[in-house]
file final01.pdb (PDB, C-alpha atoms)
MODEL        1
ATOM      1  CA  MET A   1      52.288  26.490  95.497
ATOM      2  CA  CYS A   2      48.675  26.581  96.576
ATOM      3  CA  ALA A   3      47.834  29.417  94.242
ATOM      4  CA  ALA A   4      49.318  27.551  91.297
ATOM      5  CA  HIS A   5      47.197  24.516  92.154
ATOM      6  CA  GLU A   6      44.144  26.592  92.300
ATOM      7  CA  GLU A   7      44.870  28.061  88.907
ATOM      8  CA  MET A   8      45.426  24.620  87.389
ATOM      9  CA  ASP A   9      42.134  23.483  88.874
ATOM     10  CA  GLN A  10      40.409  26.467  87.382
ATOM     11  CA  ILE A  11      41.884  25.690  83.946
ATOM     12  CA  HIS A  12      40.900  22.033  84.295
ATOM     13  CA  GLU A  13      37.366  22.998  85.198
ATOM     14  CA  SER A  14      37.186  25.318  82.229
ATOM     15  CA  GLU A  15      38.385  22.530  79.944
ATOM     16  CA  VAL A  16      35.833  20.102  81.384
ATOM     17  CA  ALA A  17      33.090  22.677  80.908
ATOM     18  CA  ALA A  18      34.306  23.299  77.362
ATOM     19  CA  ARG A  19      34.213  19.570  76.548
ATOM     20  CA  GLU A  20      30.711  19.354  77.938
ATOM     21  CA  ARG A  21      29.631  22.313  75.822
ATOM     22  CA  ILE A  22      31.148  20.701  72.731
ATOM     23  CA  GLU A  23      29.499  17.370  73.511
ATOM     24  CA  ASP A  24      26.255  19.208  73.969
ATOM     25  CA  ALA A  25      26.738  21.020  70.672
ATOM     26  CA  GLU A  26      27.457  17.699  68.950
ATOM     27  CA  LYS A  27      24.291  16.276  70.474
ATOM     28  CA  ARG A  28      22.339  19.227  69.106
ATOM     29  CA  ALA A  29      23.977  18.773  65.709
ATOM     30  CA  ARG A  30      22.924  15.091  65.701
ATOM     31  CA  ALA A  31      19.409  16.165  66.562
ATOM     32  CA  ILE A  32      19.484  18.634  63.667
ATOM     33  CA  ARG A  33      20.659  15.844  61.325
ATOM     34  CA  ASP A  34      17.916  13.487  62.556
ATOM     35  CA  GLU A  35      15.380  16.247  62.139
ATOM     36  CA  ALA A  36      16.661  16.867  58.592
ATOM     37  CA  ASP A  37      16.264  13.151  57.766
ATOM     38  CA  LYS A  38      12.760  13.151  59.149
ATOM     39  CA  GLU A  39      11.771  16.322  57.276
ATOM     40  CA  ALA A  40      13.281  15.020  54.029
ATOM     41  CA  LYS A  41      11.397  11.741  54.370
ATOM     42  CA  ALA A  42       8.148  13.569  55.056
ATOM     43  CA  LEU A  43       8.759  15.932  52.137
ATOM     44  CA  MET A  44       9.316  13.046  49.739
ATOM     45  CA  ALA A  45       6.312  11.112  51.058
ATOM     46  CA  LYS A  46       4.052  14.148  50.686
ATOM     47  CA  ALA A  47       5.268  14.849  47.148
ATOM     48  CA  GLU A  48       4.693  11.208  46.173
ATOM     49  CA  HIS A  49       1.290  11.138  47.803
ATOM     50  CA  ASP A  50       0.209  14.396  46.131
ATOM     51  CA  ALA A  51       1.488  13.227  42.739
ATOM     52  CA  LYS A  52      -0.291   9.885  43.090
ATOM     53  CA  THR A  53      -3.517  11.677  43.991
ATOM     54  CA  THR A  54      -3.156  13.909  40.934
ATOM     55  CA  ALA A  55      -2.384  10.867  38.749
ATOM     56  CA  SER A  56      -5.360   8.963  40.064
ATOM     57  CA  LYS A  57      -7.619  11.978  39.473
ATOM     58  CA  MET A  58      -6.233  12.316  35.961
ATOM     59  CA  LEU A  59      -7.001   8.674  35.204
ATOM     60  CA  SER A  60     -10.477   8.827  36.661
ATOM     61  CA  GLU A  61     -11.233  11.964  34.642
ATOM     62  CA  ILE A  62     -10.624  10.136  31.361
ATOM     63  CA  GLU A  63     -13.827   8.142  31.860
ATOM     64  CA  GLY A  64     -15.761  11.344  31.337
ATOM     65  CA  LYS A  65     -13.611  12.245  28.362
ATOM     66  CA  LYS A  66     -14.206   8.766  26.887
ATOM     67  CA  GLU A  67     -17.956   9.298  27.037
ATOM     68  CA  GLU A  68     -17.505  12.701  25.422
ATOM     69  CA  ILE A  69     -15.422  11.218  22.594
ATOM     70  CA  GLU A  70     -17.879   8.371  22.001
ATOM     71  CA  ALA A  71     -20.872  10.687  21.979
ATOM     72  CA  GLY A  72     -19.128  13.050  19.531
ATOM     73  CA  ILE A  73     -18.169  10.295  17.109
ATOM     74  CA  LEU A  74     -21.586   8.651  17.379
ATOM     75  CA  ALA A  75     -23.377  11.915  16.646
ATOM     76  CA  LYS A  76     -21.130  12.560  13.640
ATOM     77  CA  THR A  77     -21.705   9.013  12.360
ATOM     78  CA  GLU A  78     -25.476   9.303  12.749
ATOM     79  CA  GLN A  79     -25.388  12.603  10.906
ATOM     80  CA  THR A  80     -23.381  11.115   8.029
ATOM     81  CA  ILE A  81     -25.650   8.064   7.866
ATOM     82  CA  GLU A  82     -28.732  10.247   7.722
ATOM     83  CA  LYS A  83     -27.237  12.412   5.004
ATOM     84  CA  ARG A  84     -26.150   9.381   2.977
ATOM     85  CA  ASN A  85     -29.494   7.649   3.414
ATOM     86  CA  LYS A  86     -31.274  10.696   2.045
ATOM     87  CA  LEU A  87     -29.020  10.778  -1.005
ATOM     88  CA  ALA A  88     -29.218   6.996  -1.459
ATOM     89  CA  GLU A  89     -32.998   7.129  -1.348
ATOM     90  CA  LYS A  90     -32.963   9.259  -4.518
ATOM     91  CA  ARG A  91     -30.736   6.745  -6.316
ATOM     92  CA  LYS A  92     -32.511   3.567  -5.226
ATOM     93  CA  ASP A  93     -34.634   3.367  -8.351
ATOM     94  CA  THR A  94     -31.580   3.473 -10.633
ATOM     95  CA  ALA A  95     -29.827   0.852  -8.514
ATOM     96  CA  GLU A  96     -32.875  -1.402  -8.537
ATOM     97  CA  LYS A  97     -33.116  -1.230 -12.317
ATOM     98  CA  ALA A  98     -29.413  -2.037 -12.673
ATOM     99  CA  VAL A  99     -29.721  -5.083 -10.397
ATOM    100  CA  TYR A 100     -32.828  -6.225 -12.219
ATOM    101  CA  LYS A 101     -30.835  -6.253 -15.440
ATOM    102  CA  ILE A 102     -27.904  -8.100 -13.879
ATOM    103  CA  LEU A 103     -30.076 -10.801 -12.349
ATOM    104  CA  LEU A 104     -32.081 -11.340 -15.491
ATOM    105  CA  GLY A 105     -29.045 -11.419 -17.779
ATOM    106  CA  GLU A 106     -29.807  -8.214 -19.650
ATOM    107  CA  VAL A 107     -26.205  -7.059 -19.181
TER     108      VAL A 107
ATOM    109  CA  MET B   1      43.200  40.809  83.855
ATOM    110  CA  SER B   2      45.198  38.017  85.477
ATOM    111  CA  GLY B   3      46.898  35.305  83.426
ATOM    112  CA  ILE B   4      44.471  32.607  84.545
ATOM    113  CA  THR B   5      41.445  34.661  83.637
ATOM    114  CA  SER B   6      42.894  35.279  80.269
ATOM    115  CA  ILE B   7      43.489  31.519  79.687
ATOM    116  CA  ILE B   8      39.966  30.666  80.748
ATOM    117  CA  GLU B   9      38.556  33.321  78.470
ATOM    118  CA  ILE B  10      40.570  31.932  75.574
ATOM    119  CA  ILE B  11      39.254  28.422  76.312
ATOM    120  CA  ASN B  12      35.700  29.762  76.466
ATOM    121  CA  ALA B  13      36.064  31.755  73.286
ATOM    122  CA  LYS B  14      37.488  28.774  71.393
ATOM    123  CA  THR B  15      34.757  26.543  72.773
ATOM    124  CA  ALA B  16      32.086  28.997  71.730
ATOM    125  CA  GLU B  17      33.624  29.199  68.262
ATOM    126  CA  LYS B  18      33.759  25.405  67.907
ATOM    127  CA  GLU B  19      30.252  25.101  69.321
ATOM    128  CA  LYS B  20      29.009  27.618  66.778
ATOM    129  CA  GLY B  21      30.838  25.823  63.978
ATOM    130  CA  ILE B  22      29.299  22.453  64.871
ATOM    131  CA  ILE B  23      25.763  23.861  64.902
ATOM    132  CA  GLU B  24      26.253  25.949  61.777
ATOM    133  CA  GLU B  25      27.639  22.938  59.907
ATOM    134  CA  ALA B  26      24.665  20.843  61.002
ATOM    135  CA  GLU B  27      22.204  23.557  59.952
ATOM    136  CA  LYS B  28      23.979  23.967  56.622
ATOM    137  CA  ASN B  29      23.842  20.223  56.013
ATOM    138  CA  LYS B  30      20.188  20.188  56.935
ATOM    139  CA  GLN B  31      19.486  22.977  54.481
ATOM    140  CA  MET B  32      21.393  21.209  51.723
ATOM    141  CA  LYS B  33      19.663  17.915  52.425
ATOM    142  CA  LEU B  34      16.235  19.520  52.336
ATOM    143  CA  GLU B  35      16.995  21.360  49.095
ATOM    144  CA  GLU B  36      18.269  18.158  47.492
ATOM    145  CA  THR B  37      15.229  16.255  48.735
ATOM    146  CA  LYS B  38      12.943  18.967  47.413
ATOM    147  CA  ARG B  39      14.543  18.624  43.964
ATOM    148  CA  LYS B  40      14.225  14.837  44.094
ATOM    149  CA  ALA B  41      10.626  15.080  45.310
ATOM    150  CA  GLU B  42       9.728  17.420  42.460
ATOM    151  CA  ALA B  43      11.357  15.082  39.944
ATOM    152  CA  THR B  44       9.578  12.059  41.419
ATOM    153  CA  ALA B  45       6.228  13.850  41.418
ATOM    154  CA  ALA B  46       6.771  15.004  37.842
ATOM    155  CA  ALA B  47       7.617  11.443  36.782
ATOM    156  CA  ILE B  48       4.470  10.068  38.448
ATOM    157  CA  THR B  49       2.159  12.654  36.884
ATOM    158  CA  LYS B  50       3.904  12.401  33.501
ATOM    159  CA  LYS B  51       3.406   8.633  33.533
ATOM    160  CA  ALA B  52      -0.266   9.060  34.393
ATOM    161  CA  GLU B  53      -0.637  11.706  31.701
ATOM    162  CA  LEU B  54       0.912   9.411  29.093
ATOM    163  CA  GLN B  55      -1.270   6.530  30.238
ATOM    164  CA  ALA B  56      -4.394   8.707  30.098
ATOM    165  CA  ASN B  57      -3.500  10.061  26.656
ATOM    166  CA  SER B  58      -2.698   6.624  25.318
ATOM    167  CA  GLU B  59      -6.001   5.278  26.674
ATOM    168  CA  LEU B  60      -7.905   8.164  25.111
ATOM    169  CA  ILE B  61      -6.174   7.667  21.752
ATOM    170  CA  LYS B  62      -6.975   3.949  21.843
ATOM    171  CA  TYR B  63     -10.539   4.702  22.863
ATOM    172  CA  GLU B  64     -10.971   7.256  20.115
ATOM    173  CA  ALA B  65      -9.648   4.812  17.529
ATOM    174  CA  SER B  66     -12.000   2.142  18.809
ATOM    175  CA  ALA B  67     -14.967   4.559  18.759
ATOM    176  CA  LYS B  68     -14.102   5.573  15.193
ATOM    177  CA  LEU B  69     -13.968   1.919  14.200
ATOM    178  CA  LYS B  70     -17.366   1.367  15.811
ATOM    179  CA  GLY B  71     -18.639   4.340  13.809
ATOM    180  CA  LYS B  72     -17.255   2.821  10.624
ATOM    181  CA  TYR B  73     -18.991  -0.483  11.361
ATOM    182  CA  LYS B  74     -22.215   1.369  12.041
ATOM    183  CA  MET B  75     -21.821   3.179   8.740
ATOM    184  CA  LEU B  76     -21.145  -0.104   6.922
ATOM    185  CA  GLU B  77     -24.177  -1.682   8.578
ATOM    186  CA  ALA B  78     -26.321   1.239   7.444
ATOM    187  CA  LYS B  79     -24.959   0.944   3.899
ATOM    188  CA  ASP B  80     -25.507  -2.798   3.924
ATOM    189  CA  ALA B  81     -29.099  -2.308   5.052
ATOM    190  CA  GLN B  82     -29.690   0.065   2.113
ATOM    191  CA  ILE B  83     -28.061  -2.375  -0.308
ATOM    192  CA  THR B  84     -30.107  -5.295   1.023
ATOM    193  CA  ASP B  85     -33.211  -3.182   0.737
ATOM    194  CA  VAL B  86     -32.568  -2.494  -2.960
ATOM    195  CA  LEU B  87     -31.641  -6.119  -3.625
ATOM    196  CA  THR B  88     -34.805  -7.398  -1.929
ATOM    197  CA  SER B  89     -36.900  -4.913  -3.824
ATOM    198  CA  ALA B  90     -35.300  -5.962  -7.144
ATOM    199  CA  GLN B  91     -35.885  -9.631  -6.272
ATOM    200  CA  ASP B  92     -39.548  -8.901  -5.538
ATOM    201  CA  LYS B  93     -39.843  -7.116  -8.836
ATOM    202  CA  ILE B  94     -38.265 -10.077 -10.634
ATOM    203  CA  GLU B  95     -40.588 -12.550  -8.942
ATOM    204  CA  ASP B  96     -43.530 -10.330  -9.830
ATOM    205  CA  ILE B  97     -42.913 -10.724 -13.566
ATOM    206  CA  VAL B  98     -43.625 -14.473 -13.484
ATOM    207  CA  GLY B  99     -46.783 -15.035 -15.455
ATOM    208  CA  LYS B 100     -46.562 -11.715 -17.249
ATOM    209  CA  ALA B 101     -45.573 -11.198 -20.881
ATOM    210  CA  GLU B 102     -42.107  -9.996 -19.844
ATOM    211  CA  TYR B 103     -41.382 -13.345 -18.157
ATOM    212  CA  LYS B 104     -41.574 -15.133 -21.495
ATOM    213  CA  LYS B 105     -38.834 -12.859 -22.877
ATOM    214  CA  VAL B 106     -36.710 -13.216 -19.754
ATOM    215  CA  LEU B 107     -37.002 -16.998 -19.786
ATOM    216  CA  ALA B 108     -36.128 -17.123 -23.478
ATOM    217  CA  ARG B 109     -33.042 -15.016 -22.874
ATOM    218  CA  LEU B 110     -31.894 -17.097 -19.892
ATOM    219  CA  ILE B 111     -32.318 -20.315 -21.872
ATOM    220  CA  THR B 112     -30.634 -18.897 -24.990
ATOM    221  CA  ASP B 113     -27.610 -17.693 -23.011
ATOM    222  CA  ALA B 114     -27.244 -21.087 -21.350
ATOM    223  CA  CYS B 115     -27.507 -22.885 -24.713
ATOM    224  CA  LYS B 116     -24.654 -20.772 -26.045
ATOM    225  CA  THR B 117     -22.557 -21.576 -22.995
ATOM    226  CA  LEU B 118     -23.182 -25.327 -23.154
ATOM    227  CA  ALA B 119     -22.693 -25.378 -26.988
ATOM    228  CA  ASP B 120     -24.392 -28.746 -27.435
ATOM    229  CA  ASN B 121     -26.852 -29.799 -30.147
ATOM    230  CA  GLN B 122     -29.360 -31.413 -27.818
ATOM    231  CA  LEU B 123     -30.317 -29.962 -24.475
ATOM    232  CA  ASP B 124     -32.951 -30.528 -21.816
ATOM    233  CA  LEU B 125     -34.855 -27.768 -20.055
ATOM    234  CA  VAL B 126     -35.892 -28.268 -16.449
ATOM    235  CA  LEU B 127     -38.515 -25.740 -15.405
ATOM    236  CA  PRO B 128     -40.532 -24.869 -12.324
ATOM    237  CA  LYS B 129     -43.884 -26.609 -12.240
ATOM    238  CA  GLY B 130     -46.377 -24.953 -14.609
ATOM    239  CA  HIS B 131     -43.815 -22.747 -16.360
ATOM    240  CA  GLU B 132     -43.789 -24.817 -19.604
ATOM    241  CA  SER B 133     -46.481 -22.553 -21.015
ATOM    242  CA  HIS B 134     -44.101 -19.596 -20.815
ATOM    243  CA  VAL B 135     -41.535 -21.223 -23.110
ATOM    244  CA  ASP B 136     -41.708 -21.089 -26.901
ATOM    245  CA  ILE B 137     -39.258 -23.891 -27.751
ATOM    246  CA  ALA B 138     -39.306 -23.275 -31.524
ATOM    247  CA  GLU B 139     -38.558 -19.590 -31.093
ATOM    248  CA  ILE B 140     -35.637 -20.279 -28.736
ATOM    249  CA  GLU B 141     -34.231 -23.013 -30.997
ATOM    250  CA  LYS B 142     -34.366 -20.571 -33.878
ATOM    251  CA  ALA B 143     -32.649 -17.795 -31.932
ATOM    252  CA  VAL B 144     -29.861 -20.108 -30.700
ATOM    253  CA  ALA B 145     -29.380 -21.618 -34.169
ATOM    254  CA  GLN B 146     -29.026 -18.151 -35.621
ATOM    255  CA  GLU B 147     -26.370 -17.187 -33.096
ATOM    256  CA  ARG B 148     -24.483 -20.478 -33.251
ATOM    257  CA  GLY B 149     -24.960 -21.117 -36.960
ATOM    258  CA  LYS B 150     -25.981 -24.659 -36.036
ATOM    259  CA  LYS B 151     -29.312 -26.292 -35.287
ATOM    260  CA  ILE B 152     -30.237 -27.206 -31.753
ATOM    261  CA  LYS B 153     -32.896 -29.485 -30.281
ATOM    262  CA  LEU B 154     -34.451 -28.524 -26.994
ATOM    263  CA  THR B 155     -36.634 -30.823 -24.907
ATOM    264  CA  ILE B 156     -38.630 -29.910 -21.834
ATOM    265  CA  SER B 157     -37.823 -32.412 -19.124
ATOM    266  CA  LYS B 158     -40.556 -34.270 -17.294
ATOM    267  CA  GLU B 159     -38.804 -33.322 -14.068
ATOM    268  CA  ASP B 160     -39.505 -30.006 -12.472
ATOM    269  CA  ILE B 161     -37.606 -27.818 -10.046
ATOM    270  CA  ARG B 162     -38.564 -25.883  -6.949
ATOM    271  CA  SER B 163     -37.971 -22.332  -8.053
ATOM    272  CA  LYS B 164     -39.781 -19.047  -8.390
ATOM    273  CA  GLY B 165     -38.644 -18.681 -12.004
ATOM    274  CA  GLY B 166     -35.959 -19.369 -14.592
ATOM    275  CA  ALA B 167     -34.711 -22.751 -15.752
ATOM    276  CA  ILE B 168     -31.947 -25.329 -15.549
ATOM    277  CA  ILE B 169     -30.535 -26.095 -18.995
ATOM    278  CA  ARG B 170     -28.520 -29.319 -19.193
ATOM    279  CA  THR B 171     -26.968 -31.718 -21.674
ATOM    280  CA  THR B 172     -29.050 -34.811 -22.327
ATOM    281  CA  ASP B 173     -26.544 -37.050 -20.507
ATOM    282  CA  GLY B 174     -26.822 -34.718 -17.502
ATOM    283  CA  THR B 175     -23.063 -34.168 -17.221
ATOM    284  CA  ARG B 176     -23.112 -30.413 -17.768
ATOM    285  CA  TRP B 177     -25.686 -27.794 -16.941
ATOM    286  CA  VAL B 178     -26.347 -24.139 -16.398
ATOM    287  CA  ASP B 179     -28.574 -23.281 -13.472
ATOM    288  CA  ASN B 180     -30.391 -20.141 -14.564
ATOM    289  CA  THR B 181     -33.137 -20.213 -11.976
ATOM    290  CA  PHE B 182     -33.720 -16.885 -10.242
ATOM    291  CA  GLU B 183     -32.364 -18.259  -6.972
ATOM    292  CA  ALA B 184     -29.174 -19.656  -8.519
ATOM    293  CA  ARG B 185     -28.535 -16.468 -10.451
ATOM    294  CA  LEU B 186     -28.966 -14.417  -7.313
ATOM    295  CA  GLU B 187     -26.498 -16.649  -5.496
ATOM    296  CA  ARG B 188     -23.961 -16.368  -8.343
ATOM    297  CA  LEU B 189     -24.438 -12.693  -8.980
ATOM    298  CA  GLU B 190     -25.124 -11.372  -5.510
ATOM    299  CA  THR B 191     -21.631  -9.913  -5.034
ATOM    300  CA  LYS B 192     -21.752  -8.178  -8.405
ATOM    301  CA  ALA B 193     -25.271  -6.940  -7.699
ATOM    302  CA  ARG B 194     -24.269  -5.612  -4.270
ATOM    303  CA  ASP B 195     -21.192  -3.891  -5.703
ATOM    304  CA  THR B 196     -23.315  -2.293  -8.395
ATOM    305  CA  ILE B 197     -25.880  -1.087  -5.872
ATOM    306  CA  ALA B 198     -23.137   0.280  -3.607
ATOM    307  CA  SER B 199     -21.484   2.149  -6.449
ATOM    308  CA  ILE B 200     -24.777   3.721  -7.534
ATOM    309  CA  LEU B 201     -25.954   4.587  -4.024
ATOM    310  CA  PHE B 202     -22.714   5.672  -2.389
ATOM    311  CA  GLU B 203     -19.855   6.108  -4.836
ATOM    312  CA  GLU B 204     -20.008   9.883  -4.973
ATOM    313  CA  GLU B 205     -19.968  10.242  -1.185
ATOM    314  CA  ASP B 206     -17.262   7.584  -0.770
ATOM    315  CA  LYS B 207     -15.015   9.660  -3.013
ATOM    316  CA  GLU B 208     -15.337  12.665  -0.702
TER     317      GLU B 208
ENDMDL
END
call {"tool": "encode", "arguments": {"input": "final01.pdb", "output": "C-alpha cells"}}
result
Amino acid sequence: MCAAHEEMDQIHESEVAARERIEDAEKRARAIRDEADKEAKALMAKAEHDAKTTASKMLSEIEGKKEEIEAGILAKTEQTIEKRNKLAEKRKDTAEKAVYKILLGEV
Amino acid sequence: MSGITSIIEIINAKTAEKEKGIIEEAEKNKQMKLEETKRKAEATAAAITKKAELQANSELIKYEASAKLKGKYKMLEAKDAQITDVLTSAQDKIEDIVGKAEYKKVLARLITDACKTLADNQLDLVLPKGHESHVDIAEIEKAVAQERGKKIKLTISKEDIRSKGGAIIRTTDGTRWVDNTFEARLERLETKARDTIASILFEEEDKE
C-alpha cells in the first residue's frame, strides 16, 4: 500500500514538473512573439526612416538640377539671340527702307 | 526498468516534445512575421521613394517648361528691341527729310492720297507751323483732279498743328478728315511696320 502511494506521488510530481515546463515553454514562446513584434516594428520604422531620408535627399538634389537646367536654357537662348542679332544686323537697312515707305505712303 | 520509471519517462518525453513544439511554433511564427514585415517595409519604402521621385521629376519638368518660357520671352524681348531700333531709325530718317526737296514730294503724296479718300471738291489743309512753303497747292490740285477726273479746291488753313511733318486734310465743314501727320501715320501703321520689320529681320530663322 505504501509503495503504491509512493509511486502515485512520483507520477504526480512528474506531472507537476511537466506542467511547469510547459508553462515555462509557453512563457518563452510569448517572449519570442513579443520580440518578433518589437523587431517587426523596428524593421518597419527603419525602412520608413531610410526611405524618407532618401526621398528628402532626392528632393533637395533637384535644386541643383534646376540651376543646371536654367543655366543650360539661358546659355542656349543667349546663343540664339546673338546669332539672330548678327543676321538681323545685315537686314536692318532693308527693313528700314521698307518701313520708310510704309510710313510715308509709298506702298 | 520498473513500471513507474517507465511512466515518468513517458511523461518527460511527451513534455519535452510539447515543449519543443511550443518553442518551434513560436520561432516559426516569428520568422514568418519578420519576413512579412520585411516585404511590407520594402513596399512602403519603395512607395515613399517612388512618390518623391515622381514629385522631383514633375517639379523638374515644370521648372524646365518655365525656364523655356523665360527663354522665349527673352528672345521676344531681344527681337522687339531690334524691331524698335529699326523703327526709331526709320522715324529719324523720316524726320530728317523735313526741309529737304524730298519732303515736298512726300507731303504732296500724303495730301493727294487723303484727297482721294475724302473725295470732296473743297478741302482744307492743316500743316505744321512753317510748312506752307513746302506745299505746291496748284500742283496737288492738278494731280488729284487728274486722278479723280474732277476739279478740287484746296485751302491752307490758318490753324497749324504740332507735328514734325505731314498734314491733316479735312472737309471745309470739319466733319471728316484724314490725319496724315508723321505721328498719326506711325500710330496707325505701327503694327504693320513692326510686322514688316520682323518678317525681314527674322522670318528665315523663325521658319527653322
call {"tool": "atom_distance", "arguments": {"input": "final01.pdb", "atom1": "atom CA of Glu27 of chain B", "atom2": "atom CA of Arg19 of chain A"}}
result
20.9 Å
call {"tool": "resolve_selection", "arguments": {"input": "final01.pdb", "expression": "the ChimeraX specification (/A :<6) & /B", "output": "list in words"}}
result
Thr15, Glu19, Ile23, Ala26, Lys30, Leu34, Thr37, Ala41, Ala45, Thr49, Ala52, Ala56, Ala67, Gly71, Val86, Ala90, Ala193, Ile197, Ile200 and Leu201 of chain B
call {"tool": "resolve_selection", "arguments": {"input": "final01.pdb", "expression": "the PyMOL selection byres ((chain B and resi 103) around 10)", "output": "mmCIF file with C-alpha atoms, keeping the file's coordinate frame"}}
result
data_model
loop_
_atom_site.group_PDB
_atom_site.id
_atom_site.type_symbol
_atom_site.label_atom_id
_atom_site.label_comp_id
_atom_site.auth_asym_id
_atom_site.auth_seq_id
_atom_site.Cartn_x
_atom_site.Cartn_y
_atom_site.Cartn_z
ATOM 1 C CA LEU A 104 -32.081 -11.340 -15.491
ATOM 2 C CA ILE B 94 -38.265 -10.077 -10.634
ATOM 3 C CA GLU B 95 -40.588 -12.550 -8.942
ATOM 4 C CA ASP B 96 -43.530 -10.330 -9.830
ATOM 5 C CA ILE B 97 -42.913 -10.724 -13.566
ATOM 6 C CA VAL B 98 -43.625 -14.473 -13.484
ATOM 7 C CA GLY B 99 -46.783 -15.035 -15.455
ATOM 8 C CA LYS B 100 -46.562 -11.715 -17.249
ATOM 9 C CA ALA B 101 -45.573 -11.198 -20.881
ATOM 10 C CA GLU B 102 -42.107 -9.996 -19.844
ATOM 11 C CA LYS B 104 -41.574 -15.133 -21.495
ATOM 12 C CA LYS B 105 -38.834 -12.859 -22.877
ATOM 13 C CA VAL B 106 -36.710 -13.216 -19.754
ATOM 14 C CA LEU B 107 -37.002 -16.998 -19.786
ATOM 15 C CA ALA B 108 -36.128 -17.123 -23.478
ATOM 16 C CA ARG B 109 -33.042 -15.016 -22.874
ATOM 17 C CA HIS B 131 -43.815 -22.747 -16.360
ATOM 18 C CA HIS B 134 -44.101 -19.596 -20.815
ATOM 19 C CA VAL B 135 -41.535 -21.223 -23.110
ATOM 20 C CA GLY B 165 -38.644 -18.681 -12.004
ATOM 21 C CA GLY B 166 -35.959 -19.369 -14.592
#
call {"tool": "residues_around", "arguments": {"input": "final01.pdb", "residues": "Thr155 of chain B", "least_positions_apart": "4", "cutoff": "8 Å", "atoms": "all atoms listed in the file", "output": "count of residues only"}}
result
5
call {"tool": "axis_aligned_box", "arguments": {"input": "final01.pdb", "around": "segment 9-14 of chain B", "padding_each_side": "3 Å", "output": "AutoDock Vina command-line options"}}
result
--center_x 38.1 --center_y 30.9 --center_z 74.9 --size_x 10.9 --size_y 10.9 --size_z 13.1
call {"tool": "atom_distance", "arguments": {"input": "final01.pdb", "atom1": "atom CA of Thr88 of chain B", "atom2": "atom CA of Lys72 of chain B"}}
result
23.9 Å
call {"tool": "atom_distance", "arguments": {"input": "final01.pdb", "atom1": "atom CA of Asp179 of chain B", "atom2": "atom CA of Thr191 of chain B"}}
result
17.3 Å
call {"tool": "resolve_selection", "arguments": {"input": "final01.pdb", "expression": "the PyMOL selection byres ((chain B and resi 182) around 7)", "output": "list in words"}}
result
Lys164, Gly165, Gly166, Asn180, Thr181, Glu183, Ala184, Arg185 and Leu186 of chain B
call {"tool": "closest_residue", "arguments": {"input": "final01.pdb", "among": "B:Arg162, B:Lys33, B:Lys207, B:Lys150", "to": "Lys129 of chain B", "atoms": "only C-alpha atoms"}}
result
B:Arg162
call {"tool": "residues_near_point", "arguments": {"input": "final01.pdb", "point": "(-24.3, -22.8, -16.4)", "cutoff": "8 Å", "atoms": "all atoms listed in the file", "output": "count of residues only"}}
result
9
